[in-house]
>>> print(open('work_24.tsv').read())   # TSV, C-alpha atoms and all ligand atoms
chain	number	residue	atom	x	y	z
A	1057	MET	CA	-113.67	22.51	-97.87
A	1058	THR	CA	-117.14	21.92	-99.27
A	1059	ARG	CA	-118.36	24.79	-101.43
A	1060	VAL	CA	-122.03	25.71	-100.97
A	1061	PHE	CA	-124.09	28.08	-103.12
A	1062	SER	CA	-127.75	29.05	-102.89
A	1063	GLY	CA	-130.00	31.99	-103.59
A	1064	VAL	CA	-133.37	33.69	-103.30
A	1065	LYS	CA	-135.22	35.48	-106.04
A	1066	PRO	CA	-136.61	38.95	-105.21
A	1067	THR	CA	-139.98	38.50	-106.89
A	1068	GLY	CA	-142.01	38.96	-103.71
A	1069	HIS	CA	-141.73	39.23	-99.95
A	1070	LEU	CA	-139.90	36.26	-98.51
A	1071	THR	CA	-142.08	33.62	-96.89
A	1072	LEU	CA	-142.05	31.02	-94.16
A	1073	GLY	CA	-141.48	28.50	-96.98
A	1074	ASN	CA	-138.24	30.23	-98.00
A	1075	TYR	CA	-137.15	30.32	-94.38
A	1076	LEU	CA	-137.95	26.75	-93.32
A	1077	GLY	CA	-137.07	25.20	-96.67
A	1078	ALA	CA	-133.79	26.99	-97.18
A	1079	MET	CA	-132.60	30.12	-95.35
A	1080	ARG	CA	-132.73	28.78	-91.81
A	1081	ARG	CA	-130.39	25.92	-92.66
A	1082	TRP	CA	-128.02	28.22	-94.50
A	1083	ALA	CA	-127.57	30.18	-91.29
A	1084	ALA	CA	-127.69	27.32	-88.78
A	1085	VAL	CA	-125.62	24.76	-90.66
A	1086	ASP	CA	-124.14	25.60	-94.05
A	1087	GLN	CA	-122.25	28.78	-93.24
A	1088	HIS	CA	-120.51	27.05	-90.32
A	1089	ARG	CA	-119.33	23.90	-92.02
A	1090	SER	CA	-118.56	25.04	-95.56
A	1091	ASP	CA	-117.25	27.77	-97.76
A	1092	ALA	CA	-120.66	29.21	-98.56
A	1093	LEU	CA	-122.10	31.88	-100.86
A	1094	PHE	CA	-125.67	33.18	-100.63
A	1095	CYS	CA	-127.05	35.37	-103.33
A	1096	VAL	CA	-129.99	37.63	-104.03
A	1097	VAL	CA	-130.59	36.42	-107.58
A	1098	ASP	CA	-132.06	39.60	-109.01
A	1099	LEU	CA	-131.54	38.72	-112.69
A	1100	HIS	CA	-134.02	35.90	-112.16
A	1101	ALA	CA	-136.65	38.42	-111.04
A	1102	LEU	CA	-136.73	39.84	-114.58
A	1103	THR	CA	-138.09	36.64	-116.10
A	1104	VAL	CA	-141.70	37.56	-115.30
A	1105	ASP	CA	-143.66	40.80	-115.55
A	1106	HIS	CA	-141.88	43.17	-113.18
A	1107	ASP	CA	-141.78	46.68	-111.84
A	1108	PRO	CA	-138.14	47.93	-111.76
A	1109	ALA	CA	-138.59	49.95	-108.57
A	1110	ARG	CA	-140.18	46.99	-106.80
A	1111	VAL	CA	-137.40	44.62	-107.84
A	1112	ARG	CA	-134.83	47.06	-106.42
A	1113	ARG	CA	-136.80	47.38	-103.19
A	1114	LEU	CA	-137.28	43.64	-102.82
A	1115	SER	CA	-133.61	42.98	-103.59
A	1116	ARG	CA	-132.55	45.28	-100.73
A	1117	GLN	CA	-135.12	43.71	-98.45
A	1118	ALA	CA	-134.05	40.17	-99.36
A	1119	ALA	CA	-130.41	41.04	-98.61
A	1120	SER	CA	-131.33	42.43	-95.18
A	1121	LEU	CA	-133.51	39.40	-94.49
A	1122	LEU	CA	-130.65	37.04	-95.30
A	1123	LEU	CA	-128.56	38.84	-92.70
A	1124	ALA	CA	-131.50	39.04	-90.30
A	1125	ALA	CA	-131.94	35.27	-90.65
A	1126	GLY	CA	-128.43	34.88	-89.28
A	1127	LEU	CA	-126.06	34.84	-92.24
A	1128	ASP	CA	-122.79	36.26	-90.94
A	1129	PRO	CA	-120.54	38.00	-93.48
A	1130	GLU	CA	-117.56	36.88	-91.40
A	1131	LEU	CA	-118.51	33.28	-92.14
A	1132	CYS	CA	-120.01	33.37	-95.64
A	1133	THR	CA	-120.31	35.55	-98.74
A	1134	VAL	CA	-123.58	37.45	-99.25
A	1135	PHE	CA	-124.05	39.32	-102.51
A	1136	VAL	CA	-126.35	40.37	-105.34
A	1137	GLN	CA	-126.18	38.36	-108.57
A	1138	SER	CA	-126.20	41.33	-110.98
A	1139	HIS	CA	-123.12	42.76	-109.24
A	1140	VAL	CA	-121.06	39.86	-110.53
A	1141	ASP	CA	-120.84	39.67	-114.34
A	1142	GLU	CA	-119.65	36.07	-114.34
A	1143	HIS	CA	-123.21	34.74	-113.94
A	1144	ALA	CA	-124.42	36.21	-117.22
A	1145	ARG	CA	-121.10	35.45	-118.94
A	1146	LEU	CA	-121.33	31.79	-118.05
A	1147	SER	CA	-125.04	31.54	-118.73
A	1148	TYR	CA	-124.53	32.21	-122.43
A	1149	VAL	CA	-121.88	29.52	-122.72
A	1150	LEU	CA	-124.14	27.01	-120.95
A	1151	GLU	CA	-126.96	27.89	-123.34
A	1152	CYS	CA	-124.67	26.50	-126.01
A	1153	VAL	CA	-124.56	23.19	-124.13
A	1154	ALA	CA	-128.25	22.93	-123.14
A	1155	THR	CA	-131.13	22.05	-125.48
A	1156	ASP	CA	-134.52	23.67	-125.86
A	1157	GLY	CA	-136.18	20.31	-125.08
A	1158	GLU	CA	-134.51	20.26	-121.68
A	1159	MET	CA	-135.79	23.73	-120.93
A	1160	ARG	CA	-139.35	22.95	-121.95
A	1161	ARG	CA	-139.43	19.96	-119.62
A	1162	MET	CA	-138.83	22.10	-116.51
A	1163	ILE	CA	-141.88	21.90	-114.27
A	1164	GLN	CA	-141.70	25.51	-113.10
A	1165	TYR	CA	-141.56	26.72	-116.70
A	1166	LYS	CA	-144.56	24.59	-117.65
A	1167	GLU	CA	-146.55	25.84	-114.66
A	1168	LYS	CA	-145.73	29.50	-115.14
A	1169	ALA	CA	-146.17	29.42	-118.90
A	1170	ALA	CA	-149.55	27.65	-118.46
A	1171	ARG	CA	-150.68	30.46	-116.19
A	1172	GLU	CA	-150.21	32.87	-119.09
A	1173	ARG	CA	-152.96	30.91	-120.90
A	1174	GLY	CA	-151.56	31.14	-124.39
A	1175	GLY	CA	-150.16	34.66	-123.92
A	1176	SER	CA	-146.47	35.12	-124.51
A	1177	VAL	CA	-143.86	34.60	-121.82
A	1178	ARG	CA	-140.42	36.11	-121.69
A	1179	LEU	CA	-137.71	34.09	-123.38
A	1180	SER	CA	-135.71	34.43	-120.15
A	1181	LEU	CA	-138.37	32.37	-118.34
A	1182	LEU	CA	-137.50	29.47	-120.61
A	1183	THR	CA	-133.74	29.90	-120.22
A	1184	TYR	CA	-133.88	30.71	-116.50
A	1185	PRO	CA	-132.65	27.26	-115.39
A	1186	VAL	CA	-129.49	27.77	-117.45
A	1187	LEU	CA	-128.77	31.00	-115.60
A	1188	MET	CA	-129.40	29.12	-112.37
A	1189	ALA	CA	-126.93	26.44	-113.52
A	1190	ALA	CA	-124.42	29.23	-114.21
A	1191	ASP	CA	-124.97	30.62	-110.69
A	1192	ILE	CA	-124.08	27.24	-109.27
A	1193	LEU	CA	-121.31	26.08	-111.62
A	1194	ALA	CA	-119.37	29.37	-111.64
A	1195	TYR	CA	-118.35	28.75	-108.03
A	1196	GLY	CA	-117.26	25.12	-108.21
A	1197	THR	CA	-120.23	24.36	-105.97
A	1198	ASP	CA	-120.46	20.95	-104.30
A	1199	GLU	CA	-123.80	21.40	-102.53
A	1200	VAL	CA	-126.89	23.46	-103.23
A	1201	PRO	CA	-129.20	23.68	-100.20
A	1202	VAL	CA	-132.72	24.24	-101.55
A	1203	GLY	CA	-136.36	23.37	-100.98
A	1204	ASP	CA	-138.03	20.61	-102.97
A	1205	ASP	CA	-139.22	22.82	-105.80
A	1206	GLN	CA	-135.66	23.57	-106.95
A	1207	THR	CA	-134.26	20.06	-107.15
A	1208	GLN	CA	-135.12	19.64	-110.84
A	1209	HIS	CA	-133.16	22.79	-111.63
A	1210	VAL	CA	-130.15	21.51	-109.69
A	1211	GLU	CA	-130.40	18.24	-111.64
A	1212	LEU	CA	-130.14	20.27	-114.84
A	1213	ALA	CA	-127.03	22.00	-113.49
A	1214	ARG	CA	-125.54	18.56	-112.87
A	1215	ASP	CA	-126.38	17.40	-116.40
A	1216	LEU	CA	-124.87	20.50	-117.96
A	1217	ALA	CA	-121.71	20.19	-115.87
A	1218	VAL	CA	-121.22	16.56	-116.87
A	1219	ARG	CA	-121.93	17.29	-120.55
A	1220	PHE	CA	-119.59	20.28	-120.66
A	1221	ASN	CA	-116.80	18.34	-118.93
A	1222	GLN	CA	-117.17	15.42	-121.35
A	1223	ARG	CA	-117.15	17.61	-124.45
A	1224	TYR	CA	-114.68	20.31	-123.54
A	1225	GLY	CA	-112.51	18.96	-120.75
A	1226	HIS	CA	-112.95	18.93	-117.01
A	1227	THR	CA	-114.05	22.41	-115.93
A	1228	PHE	CA	-116.97	22.15	-113.52
A	1229	VAL	CA	-117.57	20.47	-110.21
A	1230	VAL	CA	-120.78	18.40	-110.45
A	1231	PRO	CA	-123.09	19.78	-107.73
A	1232	ARG	CA	-125.84	18.09	-105.75
A	1233	ALA	CA	-128.98	19.41	-104.08
A	1234	THR	CA	-129.43	19.07	-100.33
A	1235	GLY	CA	-132.74	19.56	-98.51
A	1236	PRO	CA	-134.11	19.91	-94.99
A	1237	ALA	CA	-135.40	16.89	-93.05
A	1238	VAL	CA	-138.86	18.43	-92.73
A	1239	ALA	CA	-140.59	21.36	-94.44
A	1240	ALA	CA	-138.82	20.87	-97.77
A	1241	ARG	CA	-142.13	21.97	-99.32
A	1242	VAL	CA	-144.24	24.22	-97.11
A	1243	MET	CA	-147.72	24.42	-98.56
A	1244	ASN	CA	-150.14	27.32	-98.90
A	1245	LEU	CA	-152.30	27.45	-95.76
A	1246	GLN	CA	-155.44	28.10	-97.81
A	1247	ASP	CA	-154.63	25.57	-100.52
A	1248	PRO	CA	-152.47	22.79	-99.10
A	1249	THR	CA	-152.09	21.20	-102.52
A	1250	SER	CA	-150.00	24.10	-103.78
A	1251	LYS	CA	-146.67	25.47	-102.57
A	1252	MET	CA	-146.48	28.52	-100.34
A	1253	GLY	CA	-144.86	30.71	-103.00
A	1254	LYS	CA	-143.94	34.38	-102.68
A	1255	SER	CA	-144.65	35.32	-106.28
A	1256	GLU	CA	-147.82	33.35	-106.84
A	1257	ASP	CA	-150.35	35.50	-105.02
A	1258	THR	CA	-150.85	37.43	-101.86
A	1259	GLY	CA	-153.12	36.74	-99.04
A	1260	PRO	CA	-154.19	34.58	-96.22
A	1261	GLY	CA	-152.44	31.35	-97.22
A	1262	ILE	CA	-148.93	32.79	-97.14
A	1263	VAL	CA	-146.96	33.68	-94.02
A	1264	TYR	CA	-144.43	36.37	-94.82
A	1265	LEU	CA	-141.27	36.68	-92.74
A	1266	LEU	CA	-142.17	40.26	-91.89
A	1267	ASP	CA	-145.82	39.63	-90.97
A	1268	GLU	CA	-146.76	41.01	-87.54
A	1269	PRO	CA	-147.30	38.26	-84.91
A	1270	ASP	CA	-151.07	38.79	-84.89
A	1271	VAL	CA	-151.23	38.45	-88.65
A	1272	VAL	CA	-149.26	35.20	-88.43
A	1273	ARG	CA	-151.62	33.88	-85.74
A	1274	LYS	CA	-154.67	34.75	-87.81
A	1275	LYS	CA	-153.30	33.07	-90.93
A	1276	VAL	CA	-152.37	29.87	-89.11
A	1277	MET	CA	-155.63	29.70	-87.15
A	1278	ARG	CA	-157.57	30.01	-90.41
A	1279	ALA	CA	-155.54	27.37	-92.23
A	1280	VAL	CA	-157.66	25.00	-94.29
A	1281	THR	CA	-157.71	21.49	-92.84
A	1282	ASP	CA	-160.41	18.89	-93.48
A	1283	SER	CA	-163.58	17.59	-91.93
A	1284	GLY	CA	-161.88	14.83	-89.91
A	1285	ARG	CA	-161.44	15.02	-86.13
A	1286	ASP	CA	-158.40	12.94	-85.27
A	1287	VAL	CA	-154.92	14.38	-85.68
A	1288	VAL	CA	-152.76	12.11	-87.84
A	1289	TYR	CA	-149.82	12.79	-90.14
A	1290	ASP	CA	-150.77	11.76	-93.68
A	1291	ARG	CA	-149.42	13.90	-96.51
A	1292	GLU	CA	-151.56	12.29	-99.19
A	1293	GLU	CA	-154.96	12.17	-97.54
A	1294	ARG	CA	-154.72	14.96	-94.96
A	1295	ALA	CA	-152.58	17.57	-96.71
A	1296	GLY	CA	-153.63	20.62	-94.66
A	1297	LEU	CA	-153.06	18.88	-91.37
A	1298	ALA	CA	-149.75	17.42	-92.53
A	1299	ASN	CA	-148.59	20.89	-93.53
A	1300	LEU	CA	-149.33	22.28	-90.07
A	1301	LEU	CA	-147.58	19.33	-88.42
A	1302	GLU	CA	-144.54	19.84	-90.62
A	1303	ILE	CA	-144.41	23.54	-89.89
A	1304	LEU	CA	-144.70	22.82	-86.16
A	1305	ALA	CA	-142.03	20.13	-86.39
A	1306	ALA	CA	-139.69	22.42	-88.31
A	1307	CYS	CA	-140.16	25.24	-85.79
A	1308	THR	CA	-139.81	23.10	-82.66
A	1309	GLY	CA	-137.35	20.46	-83.85
A	1310	GLY	CA	-139.83	17.57	-83.49
A	1311	ASP	CA	-141.09	14.86	-85.81
A	1312	PRO	CA	-144.47	15.46	-87.53
A	1313	ALA	CA	-145.86	11.95	-86.97
A	1314	GLU	CA	-144.85	11.94	-83.30
A	1315	LEU	CA	-146.24	15.43	-82.74
A	1316	ALA	CA	-149.58	14.32	-84.18
A	1317	GLY	CA	-149.94	11.84	-81.32
A	1318	GLY	CA	-149.94	14.69	-78.80
A	1319	TYR	CA	-153.10	16.36	-80.15
A	1320	ASP	CA	-156.75	15.49	-80.08
A	1321	SER	CA	-158.08	18.66	-81.70
A	1322	TYR	CA	-157.23	20.78	-84.72
A	1323	GLY	CA	-157.68	23.94	-82.65
A	1324	ALA	CA	-154.93	23.05	-80.18
A	1325	LEU	CA	-152.58	22.08	-83.02
A	1326	LYS	CA	-153.22	25.35	-84.84
A	1327	LYS	CA	-152.66	27.37	-81.68
A	1328	ASP	CA	-149.32	25.72	-80.93
A	1329	THR	CA	-148.26	25.99	-84.56
A	1330	ALA	CA	-149.12	29.68	-84.65
A	1331	GLU	CA	-147.09	30.36	-81.50
A	1332	ALA	CA	-144.18	28.27	-82.76
A	1333	VAL	CA	-144.10	30.24	-86.03
A	1334	VAL	CA	-144.34	33.58	-84.20
A	1335	GLU	CA	-141.42	32.62	-81.95
A	1336	THR	CA	-139.37	31.30	-84.87
A	1337	LEU	CA	-139.80	34.50	-86.86
A	1338	ARG	CA	-139.46	36.91	-83.94
A	1339	PRO	CA	-135.63	37.21	-83.97
A	1340	VAL	CA	-135.63	37.58	-87.76
A	1341	ARG	CA	-138.13	40.45	-87.64
A	1342	GLU	CA	-136.28	42.15	-84.80
A	1343	ARG	CA	-132.90	41.94	-86.46
A	1344	HIS	CA	-134.42	43.09	-89.75
A	1345	LYS	CA	-135.73	46.20	-88.02
A	1346	GLU	CA	-132.24	46.97	-86.70
A	1347	LEU	CA	-130.70	46.46	-90.12
A	1348	CYS	CA	-133.22	48.79	-91.75
A	1349	ALA	CA	-131.94	51.50	-89.47
A	1350	ASP	CA	-128.43	50.92	-90.82
A	1351	PRO	CA	-128.66	50.59	-94.62
A	1352	GLY	CA	-124.99	51.51	-95.00
A	1353	TYR	CA	-124.03	48.31	-93.21
A	1354	VAL	CA	-126.04	46.12	-95.60
A	1355	GLU	CA	-124.62	47.93	-98.62
A	1356	GLY	CA	-121.10	47.43	-97.32
A	1357	VAL	CA	-121.72	43.71	-96.85
A	1358	LEU	CA	-123.01	43.43	-100.43
A	1359	GLU	CA	-120.08	45.34	-101.84
A	1360	ASP	CA	-117.53	43.14	-100.07
A	1361	GLY	CA	-119.54	40.06	-100.99
A	1362	ALA	CA	-119.57	40.94	-104.69
A	1363	GLY	CA	-115.81	41.50	-104.65
A	1364	LYS	CA	-115.19	38.10	-103.07
A	1365	ALA	CA	-117.69	36.34	-105.35
A	1366	ARG	CA	-116.15	37.86	-108.48
A	1367	ALA	CA	-112.70	36.65	-107.53
A	1368	MET	CA	-114.05	33.15	-106.86
A	1369	ALA	CA	-116.05	32.85	-110.09
A	1370	ARG	CA	-113.66	34.42	-112.56
A	1371	PRO	CA	-111.12	31.59	-113.00
A	1372	THR	CA	-113.82	28.96	-113.58
A	1373	VAL	CA	-115.73	31.08	-116.07
A	1374	ASP	CA	-112.49	31.97	-117.89
A	1375	ALA	CA	-111.65	28.26	-118.05
A	1376	ALA	CA	-115.10	27.52	-119.52
A	1377	TYR	CA	-114.56	30.22	-122.18
A	1378	ARG	CA	-111.22	28.73	-123.15
A	1379	GLY	CA	-112.54	25.17	-123.03
A	1380	ILE	CA	-115.44	25.82	-125.37
A	1381	GLY	CA	-113.19	27.46	-127.95
A	1382	LEU	CA	-113.24	31.20	-127.32
A	1383	LEU	CA	-110.00	33.05	-127.99
A	1384	PRO	CA	-108.53	34.54	-124.80
A	1385	PRO	CA	-108.01	38.31	-125.00
A	1386	ALA	CA	-104.43	39.43	-125.64
A	1387	GLY	CA	-102.47	39.50	-122.42
A	1388	ALA	CA	-104.68	36.97	-120.62
A	1389	SER	CA	-102.91	33.94	-119.18
A	1390	ARG	CA	-103.55	30.85	-121.32
B	1401	LIG	P1	-136.92	30.99	-104.59
B	1401	LIG	O1	-136.55	32.42	-104.47
B	1401	LIG	O2	-138.25	30.66	-105.15
B	1401	LIG	O3	-136.80	30.30	-103.19
B	1401	LIG	C1	-135.64	30.40	-102.37
B	1401	LIG	C2	-135.44	29.10	-101.61
B	1401	LIG	O4	-136.61	28.83	-100.82
B	1401	LIG	C3	-137.11	27.53	-101.12
B	1401	LIG	N1	-138.57	27.56	-101.03
B	1401	LIG	C4	-139.29	26.70	-100.30
B	1401	LIG	N2	-138.95	25.69	-99.51
B	1401	LIG	C5	-139.95	25.02	-98.88
B	1401	LIG	N3	-141.26	25.34	-99.03
B	1401	LIG	C6	-141.66	26.35	-99.81
B	1401	LIG	N4	-142.93	26.67	-99.92
B	1401	LIG	C7	-140.65	27.09	-100.49
B	1401	LIG	N5	-140.69	28.16	-101.34
B	1401	LIG	C8	-139.40	28.41	-101.66
B	1401	LIG	C9	-136.65	27.25	-102.55
B	1401	LIG	O5	-136.62	25.88	-102.82
B	1401	LIG	C10	-135.29	27.91	-102.55
B	1401	LIG	O6	-134.32	27.03	-102.02
B	1401	LIG	N6	-134.50	29.42	-108.67
B	1401	LIG	C11	-134.37	29.72	-107.25
B	1401	LIG	C12	-133.34	30.76	-106.95
B	1401	LIG	C13	-132.00	30.46	-107.49
B	1401	LIG	C14	-131.07	29.52	-106.96
B	1401	LIG	C15	-129.91	29.63	-107.79
B	1401	LIG	C16	-131.10	28.66	-105.90
B	1401	LIG	C17	-131.42	31.04	-108.58
B	1401	LIG	N7	-130.16	30.56	-108.75
B	1401	LIG	C18	-128.80	28.83	-107.57
B	1401	LIG	C19	-129.98	27.84	-105.68
B	1401	LIG	C20	-128.85	27.95	-106.50
B	1401	LIG	C21	-135.70	30.24	-106.75
B	1401	LIG	O7	-136.52	30.69	-107.50
B	1401	LIG	O8	-135.81	30.21	-105.38
>>> encode(input="work_24.tsv", output="structure tokens", more="lines below")
Ligand code: TYM
Amino acid sequence: MTRVFSGVKPTGHLTLGNYLGAMRRWAAVDQHRSDALFCVVDLHALTVDHDPARVRRLSRQAASLLLAAGLDPELCTVFVQSHVDEHARLSYVLECVATDGEMRRMIQYKEKAARERGGSVRLSLLTYPVLMAADILAYGTDEVPVGDDQTQHVELARDLAVRFNQRYGHTFVVPRATGPAVAARVMNLQDPTSKMGKSEDTGPGIVYLLDEPDVVRKKVMRAVTDSGRDVVYDREERAGLANLLEILAACTGGDPAELAGGYDSYGALKKDTAEAVVETLRPVRERHKELCADPGYVEGVLEDGAGKARAMARPTVDAAYRGIGLLPPAGASR
């Protein structure tokens, strides 16, 4: 059976981008047709300035939102990265296979480091993609369902898997990224040239999964478009409009270019998009509310999930340790 792994980073409140680009498909498709693991990747949240209490809070919230989005612990494994030591164990070994040049080429690193304007960044921000590769490779993952912004990181995981296998013997499955048909990169409603990202900023351009319906409506109605009048789907020239059409298409199951033909005003498009988003997020918000009333349930799911994940990752990480030349502890099977 195909093995699927993916994750979300608890650096901010989860957004419509996370949902349409990744989580929704995990619940609707991946968990049903594969042996799938979904992870709150909390170690990754320590790569930028952080508040420990907030990371804990957001990690809990992200776990409940994964379940609220429809992940079913009977069908897939849901867990928190730091509960499974194999991620960090493997990350170090992969650092001994990766090069610093590869790390410095990563677009997300370049963008985030540039934002520091010459100030120092954490070393873990540079090595973050290696930890992400470890997340993926530890589980013998075939497919990694992600939004567009993560495909370069999955490529790195592929490269490291191939390199390790060539040098030290076949150990890792070589994974590949998969993406949604539309909304692989949901853009910020106030700045449609940049991604709707949870950690970047707060505010009117980002729809959060837990926003109240009226807040969602307001944000969508105020989305930046352009001074044109006709509704056409053109990602290059009409980025704001294209973003709305993609969001509408993703929420209603249509095609952005075809949907454009049904509108002759921006106002009508925004109104329908706002309602479509509200209806798409409604069940997630409702289920999240129920789960908040039952924190013991979520904790139980995470505990079981970590146990299952550990058992799955251990043999592969042990094999990587042996392959690269580390002496097995006395009593371990060789
Ligand atoms: P993160 O937490 O930024 O995002 C989680 C998932 O949501 C997708 N996504 C988007 N998709 C479309 N439009 C957007 N605006 C948008 N914003 C986010 C992301 O592509 C991602 O699929 N490095 C990862 C977390 C991670 C991971 C992994 C993922 C760590 N280890 C192993 C897969 C496998 C990240 O920061 O995702």
>>> closest_residue(input="work_24.tsv", among="A:Leu1304, A:Ala1324, A:Leu1072, A:Leu1265", to="ligand LIG 1401 (chain B)", atoms="only C-alpha atoms and all ligand atoms")
A:Leu1072
>>> closest_residue(input="work_24.tsv", among="A:Thr1281, A:Thr1227, A:Gln1087, A:Thr1234", to="ligand LIG 1401 (chain B)", atoms="all atoms listed in the file")
A:Thr1234
>>> residues_near_ligand(input="work_24.tsv", ligand="ligand LIG 1401 (chain B)", cutoff="6 Å", atoms="all atoms listed in the file", output="VMD selection string")
chain A and resid 1061 to 1065 1073 to 1074 1077 to 1078 1097 1188 1191 to 1192 1200 1202 to 1206 1239 to 1243 1251 to 1253
>>> closest_residue(input="work_24.tsv", among="A:Ala1362, A:Val1104, A:Ala1124, A:Ile1303", to="Met1079 of chain A", atoms="all atoms listed in the file")
A:Ala1124
>>> atom_distance(input="work_24.tsv", atom1="atom CA of Ala1332 of chain A", atom2="atom CA of Leu1093 of chain A")
28.8 Å
>>> closest_residue(input="work_24.tsv", among="A:Leu1181, A:Val1229, A:Tyr1148, A:Ala1084", to="Thr1058 of chain A", atoms="all atoms listed in the file")
A:Val1229
>>> closest_residue(input="work_24.tsv", among="A:Glu1130, A:Arg1080, A:Gly1196, A:Asp1270", to="Pro1371 of chain A", atoms="all atoms listed in the file")
A:Gly1196
>>> closest_residue(input="work_24.tsv", among="A:Lys1275, A:Arg1160, A:His1226, A:Lys1364", to="Cys1132 of chain A", atoms="only C-alpha atoms")
A:Lys1364
>>> residues_around(input="work_24.tsv", residues="Val1153 of chain A", least_positions_apart="2", cutoff="8 Å", atoms="only C-alpha atoms", output="list in words")
Val1149, Leu1150, Glu1151, Thr1155, Leu1216, Arg1219 and Phe1220 of chain A
>>> residues_around(input="work_24.tsv", residues="Asp1328 of chain A", least_positions_apart="3", cutoff="12 Å", atoms="only C-alpha atoms", output="list in words")
Arg1273, Val1276, Met1277, Leu1300, Leu1301, Ile1303, Leu1304, Ala1305, Cys1307, Thr1308, Leu1315, Ala1316, Gly1318, Tyr1319, Ser1321, Tyr1322, Gly1323, Ala1324, Leu1325, Glu1331, Ala1332, Val1333, Val1334 and Glu1335 of chain A
>>> residues_near_point(input="work_24.tsv", point="(-126.0, 17.0, -102.9)", cutoff="7 Å", atoms="all atoms listed in the file", output="PyMOL selection string")
chain A and resi 1198-1200+1231-1234
>>> build_atoms(input="work_24.tsv", residues="segment 1296-1308 of chain A", atoms="N, CA and C atoms", output="short mmCIF file (atom, residue, chain, number, x, y, z; two decimals), in the coordinates of the input")
data_model
loop_
_atom_site.label_atom_id
_atom_site.label_comp_id
_atom_site.auth_asym_id
_atom_site.auth_seq_id
_atom_site.Cartn_x
_atom_site.Cartn_y
_atom_site.Cartn_z
N GLY A 1296 -153.65 19.40 -95.47
CA GLY A 1296 -153.63 20.62 -94.66
C GLY A 1296 -153.07 20.36 -93.27
N LEU A 1297 -153.51 19.26 -92.70
CA LEU A 1297 -153.06 18.88 -91.37
C LEU A 1297 -151.56 18.56 -91.39
N ALA A 1298 -151.16 17.80 -92.41
CA ALA A 1298 -149.75 17.42 -92.53
C ALA A 1298 -148.87 18.66 -92.65
N ASN A 1299 -149.37 19.65 -93.37
CA ASN A 1299 -148.59 20.89 -93.53
C ASN A 1299 -148.39 21.57 -92.19
N LEU A 1300 -149.45 21.66 -91.40
CA LEU A 1300 -149.33 22.28 -90.07
C LEU A 1300 -148.37 21.49 -89.19
N LEU A 1301 -148.48 20.15 -89.24
CA LEU A 1301 -147.58 19.33 -88.42
C LEU A 1301 -146.13 19.50 -88.85
N GLU A 1302 -145.92 19.64 -90.15
CA GLU A 1302 -144.54 19.84 -90.62
C GLU A 1302 -144.00 21.20 -90.21
N ILE A 1303 -144.86 22.19 -90.29
CA ILE A 1303 -144.41 23.54 -89.89
C ILE A 1303 -144.08 23.52 -88.39
N LEU A 1304 -144.95 22.91 -87.60
CA LEU A 1304 -144.70 22.82 -86.16
C LEU A 1304 -143.40 22.07 -85.89
N ALA A 1305 -143.24 20.94 -86.59
CA ALA A 1305 -142.03 20.13 -86.39
C ALA A 1305 -140.78 20.93 -86.77
N ALA A 1306 -140.86 21.65 -87.88
CA ALA A 1306 -139.69 22.42 -88.31
C ALA A 1306 -139.36 23.52 -87.31
N CYS A 1307 -140.40 24.12 -86.72
CA CYS A 1307 -140.16 25.24 -85.79
C CYS A 1307 -139.70 24.76 -84.41
N THR A 1308 -140.12 23.55 -84.03
CA THR A 1308 -139.81 23.10 -82.66
C THR A 1308 -138.76 21.99 -82.63
#
